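Containing compact mmCIF, C-alpha atoms: entry14.txt.
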# COMPACT_ATOMS: atom_id res chain seq x y z
CA MET A 1 11.90 23.16 49.67
CA THR A 2 9.90 25.22 47.17
CA LEU A 3 6.97 23.60 45.41
CA ALA A 4 5.31 25.20 42.41
CA THR A 5 2.29 24.12 40.42
CA PRO A 6 3.41 23.12 36.87
CA THR A 7 2.34 25.68 34.29
CA LEU A 8 0.52 24.79 31.08
CA ARG A 9 3.62 25.70 29.07
CA THR A 10 5.78 23.38 31.15
CA SER A 11 3.32 20.50 30.82
CA LEU A 12 3.09 20.94 27.06
CA LYS A 13 6.86 21.05 26.78
CA ARG A 14 7.16 17.76 28.64
CA ALA A 15 4.49 16.14 26.47
CA ARG A 16 5.84 17.60 23.22
CA PHE A 17 7.09 14.29 21.82
CA TRP A 18 3.80 12.47 22.39
CA VAL A 19 1.79 15.37 20.98
CA ILE A 20 3.93 15.37 17.82
CA ALA A 21 3.69 11.57 17.58
CA ALA A 22 -0.10 11.67 17.93
CA ILE A 23 -0.43 14.38 15.28
CA ALA A 24 1.86 12.41 12.93
CA ALA A 25 -0.19 9.25 13.47
CA ILE A 26 -3.43 11.11 12.71
CA VAL A 27 -1.93 12.63 9.54
CA VAL A 28 -0.61 9.25 8.35
CA GLY A 29 -3.94 7.58 9.08
CA THR A 30 -5.88 10.27 7.26
CA ILE A 31 -3.62 10.13 4.20
CA THR A 32 -3.84 6.33 4.16
CA MET A 33 -7.63 6.38 4.29
CA VAL A 34 -7.86 9.02 1.57
CA VAL A 35 -5.45 7.17 -0.71
CA GLN A 36 -7.10 3.86 0.01
CA GLY A 37 -10.53 5.30 -0.70
CA ALA A 38 -9.32 6.87 -3.94
CA THR A 39 -7.49 3.81 -5.25
CA MET A 40 -9.62 0.89 -4.07
CA SER A 41 -12.81 0.02 -5.88
CA GLN A 42 -16.12 0.14 -4.11
CA GLY A 43 -17.01 -3.55 -4.02
CA VAL A 44 -16.06 -6.36 -6.39
CA TYR A 45 -15.45 -5.26 -9.97
CA LEU A 46 -18.21 -6.45 -12.36
CA SER A 47 -20.09 -8.18 -9.56
CA ALA A 48 -23.79 -8.72 -10.25
CA THR A 49 -24.52 -7.79 -6.63
CA ASN A 50 -22.43 -4.60 -6.58
CA ALA A 51 -24.47 -1.44 -7.00
CA GLY A 52 -21.39 0.80 -7.04
CA PRO A 53 -19.96 2.47 -10.15
CA GLU A 54 -17.66 -0.49 -10.91
CA GLY A 55 -20.28 -3.15 -10.28
CA ALA A 56 -22.62 -4.70 -12.84
CA MET A 57 -25.83 -4.97 -10.85
CA ALA A 58 -27.74 -2.85 -13.38
CA VAL A 59 -27.16 -5.36 -16.20
CA ALA A 60 -28.19 -8.28 -14.00
CA GLU A 61 -31.40 -6.57 -12.89
CA VAL A 62 -32.42 -5.55 -16.42
CA LEU A 63 -31.86 -9.13 -17.63
CA ARG A 64 -34.09 -10.41 -14.83
CA ASP A 65 -36.78 -7.92 -15.88
CA GLN A 66 -36.54 -9.34 -19.40
CA GLY A 67 -37.20 -12.87 -18.11
CA VAL A 68 -33.65 -14.18 -17.92
CA ASP A 69 -32.91 -16.29 -14.84
CA VAL A 70 -29.69 -14.74 -13.53
CA ILE A 71 -27.88 -17.05 -11.10
CA VAL A 72 -24.92 -15.49 -9.25
CA VAL A 73 -22.31 -18.00 -7.97
CA ASP A 74 -18.79 -17.75 -6.60
CA THR A 75 -17.53 -21.35 -6.63
CA ALA A 76 -16.96 -23.84 -9.44
CA GLU A 77 -19.21 -26.41 -7.76
CA ASP A 78 -22.12 -23.96 -7.64
CA ALA A 79 -21.51 -22.95 -11.26
CA GLU A 80 -21.47 -26.59 -12.37
CA GLY A 81 -24.71 -27.26 -10.54
CA ALA A 82 -26.41 -24.22 -12.08
CA LEU A 83 -25.30 -25.18 -15.62
CA SER A 84 -26.21 -28.87 -15.50
CA GLY A 85 -29.32 -29.73 -17.48
CA THR A 86 -30.02 -26.15 -18.61
CA ASP A 87 -29.65 -24.15 -21.81
CA ALA A 88 -27.55 -21.44 -20.23
CA THR A 89 -25.02 -18.71 -20.83
CA LEU A 90 -21.95 -18.69 -18.57
CA LEU A 91 -20.32 -15.35 -17.77
CA LEU A 92 -16.87 -16.06 -16.33
CA HIS A 93 -14.71 -13.27 -14.96
CA ASP A 94 -11.55 -14.46 -13.18
CA ALA A 95 -9.08 -11.57 -13.26
CA SER A 96 -7.18 -12.97 -10.27
CA ASN A 97 -6.74 -16.45 -11.80
CA HIS A 98 -8.28 -18.27 -8.86
CA LEU A 99 -9.62 -21.02 -11.11
CA GLU A 100 -7.49 -23.69 -12.77
CA PRO A 101 -7.62 -23.40 -16.61
CA GLU A 102 -8.72 -27.05 -16.92
CA ARG A 103 -11.72 -26.29 -14.74
CA ILE A 104 -12.73 -23.50 -17.13
CA THR A 105 -12.82 -26.02 -20.00
CA GLU A 106 -15.05 -28.33 -17.97
CA LEU A 107 -17.51 -25.52 -17.25
CA ALA A 108 -17.47 -24.26 -20.84
CA GLN A 109 -18.52 -27.73 -22.03
CA LEU A 110 -21.64 -27.49 -19.87
CA ALA A 111 -22.74 -24.07 -21.16
CA ALA A 112 -24.41 -23.33 -24.48
CA HIS A 113 -22.56 -20.00 -24.61
CA THR A 114 -19.52 -19.04 -22.55
CA VAL A 115 -18.53 -15.38 -22.22
CA LEU A 116 -14.96 -14.94 -20.94
CA VAL A 117 -14.62 -11.39 -19.62
CA GLU A 118 -11.07 -10.01 -19.53
CA ALA A 119 -9.62 -13.44 -20.29
CA THR A 120 -5.97 -13.84 -19.27
CA PHE A 121 -3.17 -15.53 -21.19
CA GLY A 122 -3.44 -18.78 -19.23
CA GLN A 123 -7.20 -18.97 -19.66
CA LEU A 124 -6.98 -18.38 -23.41
CA ARG A 125 -4.22 -20.96 -23.82
CA GLU A 126 -6.54 -23.59 -22.33
CA VAL A 127 -9.93 -22.60 -23.75
CA ALA A 128 -9.11 -20.67 -26.96
CA PRO A 129 -5.50 -21.37 -28.03
CA ALA A 130 -5.90 -19.38 -31.25
CA VAL A 131 -6.61 -16.14 -29.36
CA ARG A 132 -3.89 -13.97 -27.81
CA THR A 133 -4.03 -10.95 -25.55
CA ALA A 134 -3.03 -7.64 -27.16
CA GLY A 135 -2.95 -5.02 -24.38
CA GLY A 136 -5.37 -2.33 -23.30
CA VAL A 137 -8.01 -0.66 -25.45
CA SER A 138 -9.76 2.71 -25.04
CA GLY A 139 -11.99 5.00 -27.05
CA ASN A 140 -15.21 4.32 -28.98
CA LEU A 141 -15.44 1.11 -31.01
CA GLU A 142 -17.70 0.74 -34.05
CA ALA A 143 -19.77 -2.32 -35.00
CA ASP A 144 -17.83 -4.18 -37.66
CA CYS A 145 -19.13 -7.76 -37.70
CA ALA A 146 -22.30 -9.80 -38.13
CA VAL A 147 -22.76 -10.73 -34.46
CA ALA A 148 -26.33 -9.63 -33.67
CA ALA A 149 -25.51 -8.00 -30.32
CA VAL A 150 -22.70 -5.96 -31.87
CA THR A 151 -24.82 -4.92 -34.84
CA ARG A 152 -27.62 -3.65 -32.58
CA ALA A 153 -25.15 -1.74 -30.43
CA GLY A 154 -23.60 0.25 -33.28
CA THR A 155 -21.03 2.06 -31.14
CA VAL A 156 -19.47 0.75 -27.95
CA THR A 157 -17.22 2.59 -25.52
CA GLY A 158 -13.85 0.87 -25.13
CA GLY A 159 -12.09 0.55 -21.82
CA GLY A 160 -10.74 -2.95 -21.33
CA LEU A 161 -8.55 -5.46 -23.16
CA GLY A 162 -7.92 -6.24 -26.80
CA TYR A 163 -7.21 -9.62 -28.46
CA ARG A 164 -5.85 -11.10 -31.68
CA VAL A 165 -6.68 -14.26 -33.61
CA ASP A 166 -3.36 -15.86 -34.55
CA THR A 167 -4.60 -18.57 -36.92
CA ASP A 168 -7.27 -19.22 -39.53
CA GLU A 169 -7.77 -22.80 -38.36
CA VAL A 170 -10.80 -21.84 -36.27
CA THR A 171 -13.97 -20.11 -37.36
CA ALA A 172 -13.92 -16.89 -35.42
CA GLN A 173 -15.74 -13.58 -35.73
CA ALA A 174 -13.57 -10.68 -34.63
CA CYS A 175 -15.56 -7.58 -33.65
CA LEU A 176 -15.04 -4.09 -32.25
CA GLY A 177 -11.66 -3.53 -33.82
CA SER A 178 -9.33 -0.78 -32.65
CA GLY A 179 -6.65 -1.13 -35.35
CA ASP A 180 -3.61 -3.38 -35.88
CA ASP A 181 -5.89 -6.45 -35.93
CA ILE A 182 -6.83 -5.88 -32.28
CA TYR A 183 -10.43 -6.64 -31.32
CA SER A 184 -12.42 -6.35 -28.11
CA LEU A 185 -14.85 -9.19 -28.91
CA ILE A 186 -14.04 -12.52 -30.54
CA ARG A 187 -16.73 -15.18 -30.98
CA ILE A 188 -15.85 -18.81 -31.75
CA GLU A 189 -18.42 -21.48 -32.72
CA GLN A 190 -17.36 -25.08 -32.06
CA GLY A 191 -19.36 -28.27 -31.65
CA GLY A 192 -22.69 -26.52 -31.32
CA ARG A 193 -21.40 -24.31 -28.49
CA ALA A 194 -20.28 -20.69 -28.58
CA LEU A 195 -17.34 -19.05 -26.87
CA THR A 196 -17.04 -15.25 -26.68
CA VAL A 197 -13.86 -13.58 -25.54
CA PHE A 198 -15.04 -10.17 -24.34
CA GLY A 199 -12.53 -7.44 -23.48
CA ALA A 200 -14.66 -4.26 -23.36
CA SER A 201 -15.40 -4.83 -19.70
CA ASP A 202 -16.20 -1.19 -18.93
CA ALA A 203 -19.39 -1.58 -20.98
CA LEU A 204 -20.72 -3.90 -18.26
CA THR A 205 -20.25 -1.47 -15.37
CA ASN A 206 -23.09 0.47 -13.78
CA GLU A 207 -21.18 3.68 -14.52
CA ARG A 208 -20.92 3.19 -18.30
CA VAL A 209 -23.60 0.69 -19.33
CA ALA A 210 -25.93 3.52 -20.38
CA GLU A 211 -23.34 5.13 -22.69
CA ALA A 212 -23.48 4.70 -26.49
CA GLY A 213 -24.65 1.20 -27.40
CA ASN A 214 -23.19 -0.54 -24.35
CA ALA A 215 -26.56 -1.69 -23.00
CA ALA A 216 -27.64 -3.18 -26.33
CA LEU A 217 -24.34 -5.04 -26.60
CA VAL A 218 -24.21 -6.61 -23.14
CA LEU A 219 -27.94 -7.38 -22.92
CA GLY A 220 -27.88 -9.05 -26.33
CA LEU A 221 -24.67 -10.92 -25.51
CA LEU A 222 -25.79 -12.22 -22.12
CA GLY A 223 -29.48 -12.66 -22.85
CA GLU A 224 -29.25 -15.22 -25.67
CA HIS A 225 -30.46 -18.05 -23.43
CA PRO A 226 -33.10 -18.26 -20.71
CA THR A 227 -30.51 -18.79 -17.96
CA LEU A 228 -27.39 -16.78 -17.19
CA VAL A 229 -24.86 -18.11 -14.70
CA TRP A 230 -22.79 -15.15 -13.46
CA TYR A 231 -19.61 -16.67 -12.06
CA GLN A 232 -16.69 -14.83 -10.51
CA PRO A 233 -14.27 -17.31 -8.86
CA SER A 234 -13.26 -16.65 -5.27
CA LEU A 235 -10.55 -17.82 -2.87
CA ALA A 236 -12.67 -20.90 -2.22
CA ASP A 237 -11.67 -22.10 -5.73
CA VAL A 238 -7.94 -21.97 -4.97
CA VAL A 239 -6.28 -25.39 -5.03
CA GLY A 240 -6.56 -26.92 -1.56
CA GLY A 241 -9.43 -24.62 -0.63
CA THR A 242 -7.25 -22.43 1.59
CA ALA A 243 -5.79 -18.98 1.09
CA THR A 244 -2.32 -17.84 2.08
CA ILE A 245 -1.62 -14.90 4.34
CA ALA A 246 -0.49 -12.95 1.26
CA ASP A 247 -3.88 -13.55 -0.39
CA LEU A 248 -5.75 -12.29 2.66
CA THR A 249 -3.50 -9.30 3.40
CA PRO A 250 -4.74 -5.93 2.05
CA ALA A 251 -2.36 -4.29 -0.40
CA TRP A 252 -2.04 -1.16 1.77
CA LEU A 253 -0.99 -2.99 4.95
CA SER A 254 2.68 -3.57 4.09
CA PRO A 255 3.53 0.06 3.19
CA VAL A 256 1.70 1.34 6.27
CA LEU A 257 3.62 -1.05 8.55
CA ALA A 258 6.89 -0.01 6.89
CA LEU A 259 6.03 3.66 7.42
CA LEU A 260 5.20 3.06 11.09
CA ALA A 261 8.48 1.17 11.57
CA LEU A 262 10.46 4.04 10.04
CA THR A 263 8.57 6.50 12.26
CA VAL A 264 9.45 4.53 15.40
CA ILE A 265 13.12 4.30 14.38
CA ALA A 266 13.26 8.03 13.61
CA ALA A 267 11.63 8.85 16.96
CA GLY A 268 14.12 6.60 18.76
CA VAL A 269 17.08 8.30 17.08
CA TRP A 270 15.63 11.73 17.81
CA LYS A 271 15.00 11.06 21.50
CA GLY A 272 18.27 9.14 21.90
CA ARG A 273 20.34 12.04 20.58
CA ARG A 274 18.86 14.36 23.22
CA MET A 275 20.36 12.22 26.00
CA GLY A 276 23.89 13.09 24.89
CA PRO A 277 27.06 11.00 25.27
CA LEU A 278 27.81 8.86 28.31
CA VAL A 279 29.80 10.57 31.09
CA VAL A 280 32.31 8.58 33.15
CA GLU A 281 32.04 9.52 36.82
CA HIS A 282 34.43 8.18 39.45
CA LEU A 283 32.85 6.61 42.53
CA PRO A 284 32.21 7.13 45.37
CA VAL A 285 30.46 10.42 44.75
CA THR A 286 29.58 12.76 47.59
CA VAL A 287 26.22 14.40 47.03
CA PRO A 288 25.34 17.36 49.29
CA ALA A 289 22.23 16.80 51.39
CA ASN A 290 20.44 19.83 49.97
CA GLU A 291 20.88 18.49 46.42
CA THR A 292 19.37 15.17 47.46
CA ILE A 293 16.43 16.95 49.06
CA ASP A 294 15.91 19.21 46.05
CA GLY A 295 16.18 16.28 43.64
CA ARG A 296 13.65 14.22 45.53
CA ALA A 297 11.33 17.20 45.80
CA ARG A 298 11.48 17.72 42.04
CA LEU A 299 10.73 14.05 41.44
CA TYR A 300 7.73 14.22 43.77
CA GLN A 301 6.55 17.38 42.08
CA LYS A 302 6.95 15.94 38.57
CA SER A 303 5.01 12.78 39.43
CA GLY A 304 2.37 14.63 41.47
CA ALA A 305 3.15 12.51 44.58
CA ARG A 306 1.61 14.94 47.08
CA LEU A 307 0.62 12.32 49.66
CA ARG A 308 4.06 10.72 49.56
CA THR A 309 5.63 14.13 50.10
CA LEU A 310 3.37 14.84 53.06
CA ASP A 311 4.10 11.41 54.57
CA ALA A 312 7.82 12.13 54.40
CA LEU A 313 7.23 15.34 56.36
CA ARG A 314 4.97 13.52 58.83
CA VAL A 315 7.64 10.91 59.64
CA GLY A 316 10.08 13.59 60.78
CA THR A 317 7.44 15.56 62.64
CA ILE A 318 6.13 12.50 64.54
CA ALA A 319 9.68 11.51 65.57
CA ARG A 320 10.48 14.98 66.89
CA ILE A 321 7.14 15.34 68.72
CA GLY A 322 7.65 11.97 70.37
CA THR A 323 11.11 13.02 71.55
CA ALA A 324 9.78 16.35 72.85
CA CYS A 325 7.04 14.56 74.80
CA GLY A 326 9.53 12.09 76.32
CA LEU A 327 8.12 9.05 74.52
CA PRO A 328 10.31 6.11 73.55
CA THR A 329 11.26 5.62 69.92
CA SER A 330 9.01 2.55 69.83
CA ALA A 331 5.91 4.63 70.55
CA SER A 332 3.09 4.30 68.04
CA VAL A 333 1.65 7.17 66.06
CA ALA A 334 -1.54 6.97 68.13
CA GLU A 335 0.47 7.42 71.34
CA VAL A 336 2.36 10.37 69.83
CA ALA A 337 -0.90 11.95 68.67
CA GLY A 338 -2.45 11.51 72.13
CA ALA A 339 0.57 13.06 73.83
CA ALA A 340 0.58 16.01 71.42
CA ALA A 341 -3.14 16.62 72.00
CA SER A 342 -2.78 16.55 75.79
CA VAL A 343 0.22 18.88 75.73
CA THR A 344 -1.20 21.46 73.35
CA GLY A 345 -4.89 21.24 74.18
CA ILE A 346 -5.74 20.67 70.53
CA SER A 347 -8.45 18.06 69.94
CA LEU A 348 -7.20 14.52 69.38
CA HIS A 349 -9.30 14.28 66.23
CA GLU A 350 -7.56 17.30 64.70
CA VAL A 351 -4.09 16.02 65.63
CA ARG A 352 -4.82 12.57 64.17
CA ARG A 353 -6.19 14.16 60.97
CA LEU A 354 -3.04 16.18 60.60
CA LEU A 355 -0.61 13.34 61.40
CA LEU A 356 -2.47 10.45 59.68
CA GLU A 357 -5.65 11.12 57.77
CA ALA A 358 -5.42 14.31 55.71
CA GLU A 359 -4.68 13.74 51.99
CA PRO A 360 -3.73 16.76 49.88
CA THR A 361 -5.29 17.03 46.41
CA THR A 362 -3.54 20.21 45.26
CA ASP A 363 -0.13 21.80 45.76
CA ARG A 364 -1.74 24.63 47.70
CA GLU A 365 -3.31 22.16 50.13
CA LEU A 366 0.01 20.33 50.50
CA ILE A 367 1.77 23.57 51.50
CA ARG A 368 -1.02 24.38 53.98
CA LEU A 369 -0.72 20.95 55.64
CA SER A 370 3.07 21.29 55.76
CA ASP A 371 2.69 24.62 57.57
CA ASP A 372 0.18 23.03 59.99
CA LEU A 373 2.68 20.27 60.82
CA LEU A 374 5.36 22.87 61.54
CA ARG A 375 3.01 24.86 63.80
CA LEU A 376 2.00 21.71 65.67
CA GLU A 377 5.60 20.70 66.24
CA THR A 378 6.50 24.22 67.41
CA GLU A 379 3.57 24.31 69.83
CA VAL A 380 4.39 20.87 71.30
CA THR A 381 8.05 21.82 71.76
CA ARG A 382 7.13 25.14 73.37
CA ARG A 383 4.71 23.57 75.84
CA ALA A 384 6.59 20.39 76.61
CA ARG A 385 9.95 22.13 77.04
CA PRO A 386 9.55 25.73 78.04
CA GLY A 387 12.50 27.83 77.06
CA THR A 388 13.29 25.87 73.85
CA ASP A 389 12.36 26.56 70.23
CA HIS A 390 10.97 23.98 67.84
CA THR A 391 14.48 22.73 67.03
CA GLY A 392 15.05 21.75 70.66
CA ARG A 393 17.71 24.46 71.33
CA MET A 394 17.64 26.52 74.50
CA ASN A 395 16.54 30.10 73.98
CA ALA A 396 18.97 32.78 75.08
Encoded form (structure tokens):
Amino acid sequence: MTLATPTLRTSLKRARFWVIAAIAAIVVGTITMVVQGATMSQGVYLSATNAGPEGAMAVAEVLRDQGVDVIVVDTAEDAEGALSGTDATLLLHDASNHLEPERITELAQLAAHTVLVEATFGQLREVAPAVRTAGGVSGNLEADCAVAAVTRAGTVTGGGLGYRVDTDEVTAQACLGSGDDIYSLIRIEQGGRALTVFGASDALTNERVAEAGNAALVLGLLGEHPTLVWYQPSLADVVGGTATIADLTPAWLSPVLALLALTVIAAGVWKGRRMGPLVVEHLPVTVPANETIDGRARLYQKSGARLRTLDALRVGTIARIGTACGLPTSASVAEVAGAAASVTGISLHEVRRLLLEAEPTTDRELIRLSDDLLRLETEVTRRARPGTDHTGRMNA
């Protein structure tokens, strides 16, 4: 039996699939993180506590410096409590439609001035039925109405939604027009309360509030009253107070799971094809002894089972030494070791180490111990039975 230490090339060839799989996983993970970082906003859009480019913390802090009490809430109950008994402006931004439209009407009746940012179709149908959405708006918008905040701003950068007023039955001021009767700000006065539908949402962001007259517009619009309730509904406002798994699942999770599933299937097909077709073999099959020995040796070598290999050699050696020393087959290893030591003159400690205790840690050490076992068996046979070799045959 020939044992050889596996080379680096052989080890890498065996681990090729897992190396490729690991590299593919790293590449997929890196691409996912890059895409996720490029497409997902840093924090909540237009949040008064978000200092990132898409947040609106700068507007909230400047209003506080000007003496406005800015109260940031994320549930309808908190918003209602902050509005009760105060002369306040309500900023409501619910792009995900967490809040029921009827609840918006209830809150608007508590506020002296309600500013609906990026109002959706359902919200407008409930609160301002005469106003309709009209798509996206971009580019600079010029002051074109008598609303004080718009007049002071002069020019406002677009970036947001546009709206139309479909009827003349309400008194509405349409401002910041972009053509085709599309406006980014519509103000409606009813029953001593004001409602502003505000679509130029980019003007509120930290990134663009300092451009053109954006700051003058948003500060004048939100600073009309001593209190500003900044309300962005959350999942807590969903009917029933609970969120579904779909609501809580990140948008990137499903495509990543699908990609991983396809990768596993592709790897299975790839590895399965390498096995080849099934071969029908008639039984019984006679396997030559040397093939069995070689096959087992290769398995031991592949798994690094050095101690198991040495133990297999020890079993044969102990049996033959016991026979050479005239011991019964029921003799223990200790008895065999004692007989071998007395016959050869080798110390009992050394014989026991060789037959029981030594544990190889390298292939080189395994070969050395195998040679030592052979020499011990040869010496015992020579001394116990003069005129015979280690196989037990008479010498000529």
At a cut-off of 10 Å from (-32.0, -13.0, -19.0) in the coordinates of the file, what residues are picked up using only C-alpha atoms, written as a short mmCIF file (atom, residue, chain, number, x, y, z; two decimals) with C-alpha atoms, in the coordinates of the input?
data_model
loop_
_atom_site.label_atom_id
_atom_site.label_comp_id
_atom_site.auth_asym_id
_atom_site.auth_seq_id
_atom_site.Cartn_x
_atom_site.Cartn_y
_atom_site.Cartn_z
CA VAL A 59 -27.16 -5.36 -16.20
CA ALA A 60 -28.19 -8.28 -14.00
CA GLU A 61 -31.40 -6.57 -12.89
CA VAL A 62 -32.42 -5.55 -16.42
CA LEU A 63 -31.86 -9.13 -17.63
CA ARG A 64 -34.09 -10.41 -14.83
CA ASP A 65 -36.78 -7.92 -15.88
CA GLN A 66 -36.54 -9.34 -19.40
CA GLY A 67 -37.20 -12.87 -18.11
CA VAL A 68 -33.65 -14.18 -17.92
CA ASP A 69 -32.91 -16.29 -14.84
CA VAL A 70 -29.69 -14.74 -13.53
CA ILE A 71 -27.88 -17.05 -11.10
CA ALA A 88 -27.55 -21.44 -20.23
CA THR A 89 -25.02 -18.71 -20.83
CA LEU A 219 -27.94 -7.38 -22.92
CA GLY A 220 -27.88 -9.05 -26.33
CA LEU A 222 -25.79 -12.22 -22.12
CA GLY A 223 -29.48 -12.66 -22.85
CA GLU A 224 -29.25 -15.22 -25.67
CA HIS A 225 -30.46 -18.05 -23.43
CA PRO A 226 -33.10 -18.26 -20.71
CA THR A 227 -30.51 -18.79 -17.96
CA LEU A 228 -27.39 -16.78 -17.19
CA VAL A 229 -24.86 -18.11 -14.70
#
Distance criterion (all atoms listed in the file): nearest to Ala146 (chain A) out of A:Ala24, A:Leu124, A:Leu366, A:Leu185: A:Leu185
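For the residues A:Ala143, A:Val380, A:Ala79, A:Val256, ranking by smallest atom-to-atom distance to Ala25 (chain A) using all atoms listed in the file places A:Val256 first.
Atom to atom, CA of Ala174 (chain A) and CA of Asp144 (chain A) stand 8.3 Å apart.
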Separation of CA of Gly192 (chain A) from CA of Ala56 (chain A), in Å and rounded to one decimal: 28.6 Å
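Distance-wise, CA of Gly338 (chain A) and CA of Thr323 (chain A) end up 13.7 Å apart.
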Residue contacts of Gln232 (chain A) (9 Å, all atoms listed in the file) excluding same-chain residues fewer than 3 positions away, as a list in words: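 Near neighbours after the sequence-gap exclusion: Leu46, Ser47, Val72, Val73, Asp74, Thr75, Leu91, Leu92, His93, Asp94 and Ala95 of chain A.
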Counting only C-alpha atoms, the residue of A:Gly326, A:Gly268, A:Gly135, A:Pro360 that sits nearest Gly304 (chain A):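 Of the candidates, the smallest distance to Gly304 (chain A) is held by A:Pro360.
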Shell around Ser330 (chain A) at 12 Å using only C-alpha atoms, local window under 5 positions removed, as a PyMOL selection string: chain A and resi 318-319+322-323+335-336
Once 5 Å is added on each side, what are the centre and the three edge lengths, in Å to one decimal, of the axis-aligned box enclosing the listed atoms of region 201-220 of chain A? Present them as JSON.
{"center_x": -21.7, "center_y": -2.0, "center_z": -20.6, "size_x": 22.5, "size_y": 24.2, "size_z": 23.6}
Among the residues A:Ser332, A:Thr120, A:Ser370, A:Ser84, the one that comes closest to Leu354 (chain A) [using only C-alpha atoms]: A:Ser370
Given only C-alpha atoms as the counted atoms, nearest of A:Thr151, A:Ser254, A:Ser303, A:Ser234 to Val218 (chain A):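 Nearest candidate to Val218 (chain A) out of A:Thr151, A:Ser254, A:Ser303, A:Ser234: A:Thr151.
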Residue with smallest distance to Leu374 (chain A) - pool A:Gln109, A:Thr309, A:Ser342, A:Thr317, counting all atoms listed in the file: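 Smallest separation from Leu374 (chain A) among the options: A:Thr317.
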Local residues around (11.9, 9.1, 16.9), at most 12 Å away, using all atoms listed in the file, as a PyMOL selection string: chain A and resi 17-18+20-21+24+260-274
Excluding Gly199 (chain A) and any residue of its chain fewer than 2 positions from it, enumerate the residues within 10 Å of it, using only C-alpha atoms, and give them as a PDB file with C-alpha atoms, in the coordinates of the input.
ATOM      1  CA  LEU A 116     -14.960 -14.940 -20.940  1.00  0.00           C
ATOM      2  CA  VAL A 117     -14.620 -11.390 -19.620  1.00  0.00           C
ATOM      3  CA  GLU A 118     -11.070 -10.010 -19.530  1.00  0.00           C
ATOM      4  CA  ALA A 119      -9.620 -13.440 -20.290  1.00  0.00           C
ATOM      5  CA  THR A 133      -4.030 -10.950 -25.550  1.00  0.00           C
ATOM      6  CA  GLY A 135      -2.950  -5.020 -24.380  1.00  0.00           C
ATOM      7  CA  GLY A 136      -5.370  -2.330 -23.300  1.00  0.00           C
ATOM      8  CA  VAL A 137      -8.010  -0.660 -25.450  1.00  0.00           C
ATOM      9  CA  GLY A 158     -13.850   0.870 -25.130  1.00  0.00           C
ATOM     10  CA  GLY A 159     -12.090   0.550 -21.820  1.00  0.00           C
ATOM     11  CA  GLY A 160     -10.740  -2.950 -21.330  1.00  0.00           C
ATOM     12  CA  LEU A 161      -8.550  -5.460 -23.160  1.00  0.00           C
ATOM     13  CA  GLY A 162      -7.920  -6.240 -26.800  1.00  0.00           C
ATOM     14  CA  TYR A 163      -7.210  -9.620 -28.460  1.00  0.00           C
ATOM     15  CA  LEU A 176     -15.040  -4.090 -32.250  1.00  0.00           C
ATOM     16  CA  TYR A 183     -10.430  -6.640 -31.320  1.00  0.00           C
ATOM     17  CA  SER A 184     -12.420  -6.350 -28.110  1.00  0.00           C
ATOM     18  CA  LEU A 185     -14.850  -9.190 -28.910  1.00  0.00           C
ATOM     19  CA  ILE A 186     -14.040 -12.520 -30.540  1.00  0.00           C
ATOM     20  CA  THR A 196     -17.040 -15.250 -26.680  1.00  0.00           C
ATOM     21  CA  VAL A 197     -13.860 -13.580 -25.540  1.00  0.00           C
ATOM     22  CA  SER A 201     -15.400  -4.830 -19.700  1.00  0.00           C
ATOM     23  CA  ASP A 202     -16.200  -1.190 -18.930  1.00  0.00           C
ATOM     24  CA  ALA A 203     -19.390  -1.580 -20.980  1.00  0.00           C
TER      25      ALA A 203
END
Residues within 7 Å of Ala112 (chain A), only C-alpha atoms, excluding chain neighbours under 2 positions, as an NGL selection string: :A and (87-89 or 110 or 114 or 193-194)
